[in-house]
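Peer 1: Quick one: the structure is below, questions incoming.
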Amino acid sequence: MKGNRYFFKVFALITEFVIIQFSCRLAYFLRYGDFGPYQDYYLSFFIIFNLAWIGASLFTNSYDRANLLSLRAFVRNLFSTLFLHIFIVFLFIVSVKAQYLSRLYIFYTYSASLMTIMSYRAILILTYKYYNSVNYNLRKIALVGSRACMEDLTTFFDQNHTSVHTFLEDLDTQKSYTQQQDEIRMAIDELKSFCLEEKVDEVYVSLRIMSEDMLEELTDFADDHFIYFRMVTDFQVLQKKKLNVDFYEHIPIISLRKEPLRSLINQVMKRGFDIAFSLLILMFVLPILFPLIAIAIALESKGPVIFRQLRSGKNNREFWCYKFRTMVQNPEADYRQASKNDDRITRIGAFLRKTSLDELPQFVNVLKGNMSVVGPRPHMIQHTQEYSNMIDKYLNRHFITPGITGHAQVNGLRGETADPNLMKKRVEYDAWYIENWSLMLDIKIVFLTIWNLLRGQEQAY
């Protein structure tokens, strides 16, 4: 299934690249009446236009199958991709002073690209749904297990109008173990006969009821008769869990969530991005802003320019987190969150918080390795202790290094979290980030952070 998802994504990407090529050619013909080679000054625009569309589509996850095959997600992502693409093309035109480009040609290019891509994706959605319905309708499936274990799977196949036959819906719990095994044996014999008579395509068996000998017997039977054999775990025990299967040599290991940052390659990629990005900020941004911010802080109130505080880090290890001081010195700093109209916040502090410039010293934390550019925000020690007793699986967010910005923050969950429900929501966003990390996701969150800063956020105080 994972390989199919990657194939689908690559197929969609390549197809749209070809469509963009065709659209640019068509626009050139409509404007100049020529399908021949581009004029030299149009060639660079053509290259940028193509690469920008692919880059913007990858950035907005347009090629994920869920986004490609959902009409609502398609429309939402199309407008996001279009906005980002126009921004990149505009930057190119301004930076190279490409006023020579025909406005009519640009209009034709966008019109042709949008029309062809919308048509292509509509056909893709309809074809995929038709294929799925035909594919499911042609299959005959047999389920072996209890009603409780197979309930969700039965519902899934019923919704897809698949022919399903269930064997051994429930075991009689009043009977002895030997009697129960006899029931299972009768169900297996009945299943075999049914599979041969009805030419069943797939068999799903509950591991909960099956002994090793019976499992091996059914596996051999399925192989001998070219029947796809599937094993089902207890849906009640692992309901709504996303399972991930790894192999230690020949041993299958099941984990209850994806952990992309357990991979050494991913760790190196994330750390490399952290170091490179932090060095850029510390070399080119902080030297300019630090003296100005330091003077403003010192002139307004007494105390150190840099405020440091113990925060909860990876594996819940404590570390000193650095910030520009935004408050007057006060004894409540280590346990009371900043709130709206907080009288402890100075005037320069309010500006620094609004613009997130108070977080700049944390890039030193990133270089030291106790923070990342992107990750769950580190909380004060006392709040970690309080929320870990209040919110289920709160400490799971400490499986990875905390960040200066994060998935929760760019989705509006930043600042004060006096309401436990807001903190619970933040934890859910952090958990999603941990399970779905990618380098492109980190880059996306950084850009969204910058965009939110320019736009302004209510919770920034």
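Labeling convention for the structure tokens: chains A, B, ... as they appear, residues from 1 per chain, ligands from 1 in order of appearance.
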So which residues touch segment 338-345 of chain A within 6 Å, counting only C-alpha atoms, skipping near sequence neighbours fewer than 6 positions away, as a list in words?

Peer 2: Thr326, Met327 and Val328 of chain A

Peer 1: Give me a file of those residues, with C-alpha atoms, as a PDB file, in the first residue's frame.

Peer 2:
```
ATOM      1  CA  THR A 326       9.986  41.099  27.760  1.00  0.00           C
ATOM      2  CA  MET A 327       8.808  41.628  31.341  1.00  0.00           C
ATOM      3  CA  VAL A 328       9.904  43.536  34.372  1.00  0.00           C
TER       4      VAL A 328
END
```

Peer 1: Write down as number ranges by chain the residues of segment 87-334 of chain A whose backbone DSSP state falls under strand (DSSP E).

Peer 2: A: 140-144, 163-167, 202-206, 228-232, 244-248, 251-255, 306-312, 318-324

Peer 1: Between A:Val232, A:Lys323, A:Leu124, A:Pro420, single out the one closest to Asp152 of chain A, counting only C-alpha atoms.

Peer 2: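 So, comparing all the options, the nearest one is A:Val232.
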
Peer 1: Among segment 283-401 of chain A, which residues carry a DSSP assignment of alpha helix (DSSP H), reported as a VMD selection string?

Peer 2: chain A and resid 286 to 300 347 to 355 362 to 368 381 to 390

Peer 1: I'd like to know which of A:Ser356, A:Asn421, A:Thr116, A:Asn315 is closest to Ile400 of chain A, using only C-alpha atoms.

Peer 2: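 Of the candidates, the smallest distance to Ile400 of chain A is held by A:Asn315.
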
Peer 1: Taking into account only C-alpha atoms, which residue in the set A:Ala27, A:Cys149, A:Ile20, A:Val305 is nearest to Ile47 of chain A?

Peer 2: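 Selected residue with least distance to Ile47 of chain A: A:Ile20.
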
Peer 1: Which distance in Å separates atom CA of Val203 of chain A and atom CA of Phe229 of chain A, to one decimal?

Peer 2: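 So the two atoms, atom CA of Val203 of chain A and atom CA of Phe229 of chain A, lie 5.1 Å apart.
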
Peer 1: In Å, rounded to a single decimal, give me how far atom CA of Arg377 of chain A is from atom CA of Met390 of chain A.

Peer 2: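 Those two atoms sit 17.9 Å apart.
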
Peer 1: When distances are computed from only C-alpha atoms, which of A:Phe319, A:Tyr429, A:Phe83, A:Phe90 shows the smallest separation from Pro378 of chain A?

Peer 2: A:Phe319

Peer 1: Would you mind reading off the distance between atom CA of Val446 of chain A and atom CA of Ser388 of chain A, one decimal, in Å?

Peer 2: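 A separation of 27.7 Å between them.
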
Peer 1: Using only C-alpha atoms, which of A:Leu292, A:Met186, A:Ala122, A:Leu360 sits nearest Phe307 of chain A?

Peer 2: A:Leu360

Peer 1: Contacts of His85 of chain A at 10 Å or less, counting only C-alpha atoms, minus same-chain residues fewer than 6 places along, as a list of chain:residue names?

Peer 2: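 Residues meeting the cut-off are A:Ile48, A:Phe49, A:Asn50, A:Leu51, A:Ala52, A:Trp53, A:Ile54, A:Gly55, A:Ala56, A:Ser57, A:Phe79, A:Leu91.
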
Peer 1: Mind dumping the selected residues with N, CA, C and O atoms as an mmCIF file, in the first residue's frame?

Peer 2:
```
data_model
loop_
_atom_site.group_PDB
_atom_site.id
_atom_site.type_symbol
_atom_site.label_atom_id
_atom_site.label_comp_id
_atom_site.auth_asym_id
_atom_site.auth_seq_id
_atom_site.Cartn_x
_atom_site.Cartn_y
_atom_site.Cartn_z
ATOM 1 N N ILE A 48 10.983 28.750 -14.982
ATOM 2 C CA ILE A 48 10.537 29.157 -13.650
ATOM 3 C C ILE A 48 9.075 28.797 -13.435
ATOM 4 O O ILE A 48 8.676 28.298 -12.370
ATOM 5 N N PHE A 49 8.233 29.026 -14.432
ATOM 6 C CA PHE A 49 6.804 28.741 -14.325
ATOM 7 C C PHE A 49 6.569 27.264 -14.024
ATOM 8 O O PHE A 49 5.767 26.910 -13.148
ATOM 9 N N ASN A 50 7.288 26.388 -14.728
ATOM 10 C CA ASN A 50 7.137 24.938 -14.533
ATOM 11 C C ASN A 50 7.633 24.491 -13.170
ATOM 12 O O ASN A 50 6.943 23.786 -12.432
ATOM 13 N N LEU A 51 8.857 24.904 -12.832
ATOM 14 C CA LEU A 51 9.442 24.474 -11.557
ATOM 15 C C LEU A 51 8.670 25.045 -10.365
ATOM 16 O O LEU A 51 8.504 24.378 -9.340
ATOM 17 N N ALA A 52 8.192 26.283 -10.504
ATOM 18 C CA ALA A 52 7.437 26.914 -9.418
ATOM 19 C C ALA A 52 6.138 26.174 -9.155
ATOM 20 O O ALA A 52 5.713 26.041 -8.000
ATOM 21 N N TRP A 53 5.483 25.685 -10.214
ATOM 22 C CA TRP A 53 4.230 24.959 -10.012
ATOM 23 C C TRP A 53 4.470 23.641 -9.277
ATOM 24 O O TRP A 53 3.744 23.288 -8.343
ATOM 25 N N ILE A 54 5.506 22.918 -9.699
ATOM 26 C CA ILE A 54 5.819 21.658 -9.033
ATOM 27 C C ILE A 54 6.218 21.919 -7.581
ATOM 28 O O ILE A 54 5.771 21.224 -6.658
ATOM 29 N N GLY A 55 7.071 22.927 -7.359
ATOM 30 C CA GLY A 55 7.500 23.249 -5.996
ATOM 31 C C GLY A 55 6.339 23.671 -5.117
ATOM 32 O O GLY A 55 6.221 23.218 -3.964
ATOM 33 N N ALA A 56 5.459 24.515 -5.633
ATOM 34 C CA ALA A 56 4.300 24.972 -4.861
ATOM 35 C C ALA A 56 3.355 23.811 -4.561
ATOM 36 O O ALA A 56 2.788 23.722 -3.471
ATOM 37 N N SER A 57 3.192 22.903 -5.515
ATOM 38 C CA SER A 57 2.313 21.746 -5.311
ATOM 39 C C SER A 57 2.867 20.811 -4.249
ATOM 40 O O SER A 57 2.118 20.268 -3.423
ATOM 41 N N PHE A 79 -6.185 26.474 -4.846
ATOM 42 C CA PHE A 79 -6.064 27.913 -4.595
ATOM 43 C C PHE A 79 -4.803 28.234 -3.797
ATOM 44 O O PHE A 79 -4.142 29.249 -4.044
ATOM 45 N N LEU A 91 7.901 37.333 -7.875
ATOM 46 C CA LEU A 91 9.258 37.611 -7.395
ATOM 47 C C LEU A 91 10.279 37.497 -8.529
ATOM 48 O O LEU A 91 11.211 38.301 -8.630
#
```

Peer 1: What's the 12 Å shell around Asn266 of chain A, counting only C-alpha atoms, without same-chain residues fewer than 2 positions away, as a list in words?

Peer 2: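 My list of contacting residues is Glu259, Pro260, Leu261, Arg262, Ser263, Leu264, Val268, Met269, Lys270, Arg271, Gly272, Phe273, Asn436, Trp437, Ser438, Leu439, Met440 and Asp442 of chain A.
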
Peer 1: Just write the chosen residues, N, CA, C and O atoms, as a compact mmCIF listing (two decimals), in the first residue's frame.

Peer 2:
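The file below, selection_17.txt, is the result:
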```
# COMPACT_ATOMS: atom_id res chain seq x y z
N GLU A 259 7.10 6.76 13.44
CA GLU A 259 8.14 7.52 14.13
C GLU A 259 9.26 7.84 13.15
O GLU A 259 10.35 7.28 13.20
N PRO A 260 9.00 8.74 12.18
CA PRO A 260 10.00 9.02 11.14
C PRO A 260 11.33 9.53 11.70
O PRO A 260 12.38 9.31 11.10
N LEU A 261 11.31 10.19 12.86
CA LEU A 261 12.55 10.73 13.41
C LEU A 261 13.35 9.69 14.19
O LEU A 261 14.37 10.03 14.79
N ARG A 262 12.91 8.44 14.18
CA ARG A 262 13.76 7.36 14.70
C ARG A 262 14.80 6.97 13.67
O ARG A 262 15.83 6.36 14.00
N SER A 263 14.56 7.32 12.42
CA SER A 263 15.49 7.00 11.35
C SER A 263 16.72 7.91 11.43
O SER A 263 16.60 9.13 11.58
N LEU A 264 17.91 7.32 11.34
CA LEU A 264 19.15 8.08 11.43
C LEU A 264 19.24 9.11 10.29
O LEU A 264 19.68 10.25 10.51
N VAL A 268 19.61 13.15 10.75
CA VAL A 268 20.70 13.94 10.16
C VAL A 268 20.13 15.08 9.32
O VAL A 268 20.62 16.22 9.37
N MET A 269 19.08 14.80 8.54
CA MET A 269 18.46 15.83 7.71
C MET A 269 17.90 16.96 8.57
O MET A 269 18.11 18.14 8.28
N LYS A 270 17.20 16.60 9.63
CA LYS A 270 16.58 17.62 10.49
C LYS A 270 17.65 18.43 11.20
O LYS A 270 17.56 19.66 11.28
N ARG A 271 18.68 17.75 11.71
CA ARG A 271 19.75 18.46 12.41
C ARG A 271 20.53 19.36 11.45
O ARG A 271 20.91 20.49 11.80
N GLY A 272 20.75 18.90 10.23
CA GLY A 272 21.44 19.71 9.24
C GLY A 272 20.66 20.97 8.91
O GLY A 272 21.23 22.06 8.80
N PHE A 273 19.34 20.82 8.76
CA PHE A 273 18.49 21.99 8.50
C PHE A 273 18.54 22.96 9.69
O PHE A 273 18.64 24.18 9.50
N ASN A 436 4.13 12.55 11.40
CA ASN A 436 4.13 12.89 9.98
C ASN A 436 5.30 13.78 9.58
O ASN A 436 5.25 14.43 8.54
N TRP A 437 6.35 13.77 10.39
CA TRP A 437 7.48 14.66 10.10
C TRP A 437 8.09 14.39 8.73
O TRP A 437 8.17 13.25 8.26
N SER A 438 8.48 15.47 8.07
CA SER A 438 9.30 15.41 6.87
C SER A 438 10.04 16.74 6.78
O SER A 438 9.62 17.73 7.39
N LEU A 439 11.12 16.77 6.03
CA LEU A 439 11.87 18.01 5.88
C LEU A 439 11.01 19.07 5.20
O LEU A 439 11.07 20.25 5.57
N MET A 440 10.21 18.66 4.23
CA MET A 440 9.32 19.61 3.56
C MET A 440 8.29 20.19 4.53
O MET A 440 7.93 21.36 4.43
N ASP A 442 8.81 20.71 7.75
CA ASP A 442 9.53 21.72 8.54
C ASP A 442 9.66 23.03 7.77
O ASP A 442 9.43 24.11 8.32
```

Peer 1: For Asn61 of chain A, please output as a PDB file with N, CA, C and O atoms, in the first residue's frame all residues within 12 Å (counting only C-alpha atoms; exclusion window: fewer than 4 positions along the same chain).

Peer 2:
```pdb
ATOM      1  N   LYS A   9       1.627   9.296  -6.238  1.00  0.00           N
ATOM      2  CA  LYS A   9       2.129  10.666  -6.081  1.00  0.00           C
ATOM      3  C   LYS A   9       3.062  11.028  -7.229  1.00  0.00           C
ATOM      4  O   LYS A   9       2.964  12.103  -7.830  1.00  0.00           O
ATOM      5  N   ALA A  12       1.096  11.416 -10.530  1.00  0.00           N
ATOM      6  CA  ALA A  12       0.375  12.691 -10.599  1.00  0.00           C
ATOM      7  C   ALA A  12       1.334  13.853 -10.857  1.00  0.00           C
ATOM      8  O   ALA A  12       1.041  14.761 -11.639  1.00  0.00           O
ATOM      9  N   LEU A  13       2.507  13.810 -10.202  1.00  0.00           N
ATOM     10  CA  LEU A  13       3.491  14.879 -10.369  1.00  0.00           C
ATOM     11  C   LEU A  13       3.988  14.948 -11.816  1.00  0.00           C
ATOM     12  O   LEU A  13       4.023  16.021 -12.419  1.00  0.00           O
ATOM     13  N   ILE A  54       5.506  22.918  -9.699  1.00  0.00           N
ATOM     14  CA  ILE A  54       5.819  21.658  -9.033  1.00  0.00           C
ATOM     15  C   ILE A  54       6.218  21.919  -7.581  1.00  0.00           C
ATOM     16  O   ILE A  54       5.771  21.224  -6.658  1.00  0.00           O
ATOM     17  N   GLY A  55       7.071  22.927  -7.359  1.00  0.00           N
ATOM     18  CA  GLY A  55       7.500  23.249  -5.996  1.00  0.00           C
ATOM     19  C   GLY A  55       6.339  23.671  -5.117  1.00  0.00           C
ATOM     20  O   GLY A  55       6.221  23.218  -3.964  1.00  0.00           O
ATOM     21  N   ALA A  56       5.459  24.515  -5.633  1.00  0.00           N
ATOM     22  CA  ALA A  56       4.300  24.972  -4.861  1.00  0.00           C
ATOM     23  C   ALA A  56       3.355  23.811  -4.561  1.00  0.00           C
ATOM     24  O   ALA A  56       2.788  23.722  -3.471  1.00  0.00           O
ATOM     25  N   SER A  57       3.192  22.903  -5.515  1.00  0.00           N
ATOM     26  CA  SER A  57       2.313  21.746  -5.311  1.00  0.00           C
ATOM     27  C   SER A  57       2.867  20.811  -4.249  1.00  0.00           C
ATOM     28  O   SER A  57       2.118  20.268  -3.423  1.00  0.00           O
ATOM     29  N   ARG A  65      -2.505  11.473  -2.102  1.00  0.00           N
ATOM     30  CA  ARG A  65      -3.689  10.876  -2.727  1.00  0.00           C
ATOM     31  C   ARG A  65      -4.985  11.390  -2.106  1.00  0.00           C
ATOM     32  O   ARG A  65      -5.964  11.628  -2.808  1.00  0.00           O
ATOM     33  N   ALA A  66      -4.995  11.620  -0.780  1.00  0.00           N
ATOM     34  CA  ALA A  66      -6.213  12.114  -0.121  1.00  0.00           C
ATOM     35  C   ALA A  66      -6.608  13.478  -0.664  1.00  0.00           C
ATOM     36  O   ALA A  66      -7.792  13.783  -0.825  1.00  0.00           O
ATOM     37  N   ASN A  67      -5.616  14.315  -0.985  1.00  0.00           N
ATOM     38  CA  ASN A  67      -5.902  15.647  -1.511  1.00  0.00           C
ATOM     39  C   ASN A  67      -6.264  15.623  -2.992  1.00  0.00           C
ATOM     40  O   ASN A  67      -6.992  16.488  -3.472  1.00  0.00           O
ATOM     41  N   LEU A  68      -5.747  14.647  -3.695  1.00  0.00           N
ATOM     42  CA  LEU A  68      -6.045  14.554  -5.123  1.00  0.00           C
ATOM     43  C   LEU A  68      -7.444  13.999  -5.383  1.00  0.00           C
ATOM     44  O   LEU A  68      -8.079  14.329  -6.372  1.00  0.00           O
ATOM     45  N   ALA A  73     -10.764  19.034  -0.850  1.00  0.00           N
ATOM     46  CA  ALA A  73      -9.329  19.210  -0.646  1.00  0.00           C
ATOM     47  C   ALA A  73      -8.655  19.693  -1.933  1.00  0.00           C
ATOM     48  O   ALA A  73      -7.727  20.506  -1.892  1.00  0.00           O
ATOM     49  N   PHE A  74      -9.141  19.203  -3.072  1.00  0.00           N
ATOM     50  CA  PHE A  74      -8.578  19.619  -4.358  1.00  0.00           C
ATOM     51  C   PHE A  74      -8.750  21.119  -4.579  1.00  0.00           C
ATOM     52  O   PHE A  74      -7.818  21.821  -4.953  1.00  0.00           O
ATOM     53  N   ARG A  76      -9.359  23.464  -2.306  1.00  0.00           N
ATOM     54  CA  ARG A  76      -8.597  24.215  -1.308  1.00  0.00           C
ATOM     55  C   ARG A  76      -7.110  24.252  -1.662  1.00  0.00           C
ATOM     56  O   ARG A  76      -6.475  25.305  -1.632  1.00  0.00           O
ATOM     57  N   ASN A  77      -6.580  23.101  -2.025  1.00  0.00           N
ATOM     58  CA  ASN A  77      -5.148  23.036  -2.336  1.00  0.00           C
ATOM     59  C   ASN A  77      -4.816  23.734  -3.645  1.00  0.00           C
ATOM     60  O   ASN A  77      -3.730  24.297  -3.798  1.00  0.00           O
ATOM     61  N   LEU A  78      -5.756  23.708  -4.590  1.00  0.00           N
ATOM     62  CA  LEU A  78      -5.513  24.377  -5.867  1.00  0.00           C
ATOM     63  C   LEU A  78      -5.325  25.876  -5.665  1.00  0.00           C
ATOM     64  O   LEU A  78      -4.407  26.478  -6.219  1.00  0.00           O
ATOM     65  N   SER A  80      -4.438  27.368  -2.845  1.00  0.00           N
ATOM     66  CA  SER A  80      -3.203  27.580  -2.081  1.00  0.00           C
ATOM     67  C   SER A  80      -1.988  27.498  -3.001  1.00  0.00           C
ATOM     68  O   SER A  80      -1.075  28.331  -2.924  1.00  0.00           O
ATOM     69  N   THR A  81      -1.985  26.478  -3.863  1.00  0.00           N
ATOM     70  CA  THR A  81      -0.880  26.310  -4.800  1.00  0.00           C
ATOM     71  C   THR A  81      -0.802  27.485  -5.770  1.00  0.00           C
ATOM     72  O   THR A  81       0.283  27.995  -6.064  1.00  0.00           O
ATOM     73  N   SER A 438       8.480  15.472   8.074  1.00  0.00           N
ATOM     74  CA  SER A 438       9.305  15.408   6.870  1.00  0.00           C
ATOM     75  C   SER A 438      10.044  16.736   6.782  1.00  0.00           C
ATOM     76  O   SER A 438       9.624  17.733   7.395  1.00  0.00           O
ATOM     77  N   MET A 440      10.206  18.659   4.227  1.00  0.00           N
ATOM     78  CA  MET A 440       9.322  19.609   3.556  1.00  0.00           C
ATOM     79  C   MET A 440       8.292  20.186   4.528  1.00  0.00           C
ATOM     80  O   MET A 440       7.929  21.362   4.433  1.00  0.00           O
ATOM     81  N   LEU A 441       7.834  19.365   5.488  1.00  0.00           N
ATOM     82  CA  LEU A 441       6.893  19.862   6.487  1.00  0.00           C
ATOM     83  C   LEU A 441       7.552  20.923   7.361  1.00  0.00           C
ATOM     84  O   LEU A 441       6.937  21.957   7.671  1.00  0.00           O
ATOM     85  N   LYS A 444       7.769  24.070   5.349  1.00  0.00           N
ATOM     86  CA  LYS A 444       6.428  24.644   5.236  1.00  0.00           C
ATOM     87  C   LYS A 444       6.050  25.394   6.511  1.00  0.00           C
ATOM     88  O   LYS A 444       5.503  26.509   6.453  1.00  0.00           O
TER      89      LYS A 444
END
```

Peer 1: What's around Trp432 of chain A at 10 Å? Count only C-alpha atoms, leave out sequence neighbours fewer than 4 positions away in its own chain, and write the answer as a list in words.

Peer 2: Arg257, Lys258, Arg397, His407, Ala408, Arg426, Val427, Glu428, Asn436 and Trp437 of chain A

Peer 1: I'd like the neighbourhood of Val205 of chain A as a list in words, where a residue qualifies if any of its atoms comes within 8 Å (using only C-alpha atoms), though same-chain residues fewer than 2 positions away should be ignored.

Peer 2: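 In the requested format, the answer is Leu143, Val144, Gly145, Val203, Leu207, Met210, Phe229, Arg230, Met231 and Val232 of chain A.
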
Peer 1: Which residue gives the smallest distance to Val18 of chain A among A:Ala142, A:Ser113, A:Ser255, A:Leu453, with only C-alpha atoms counted?

Peer 2: A:Ser113
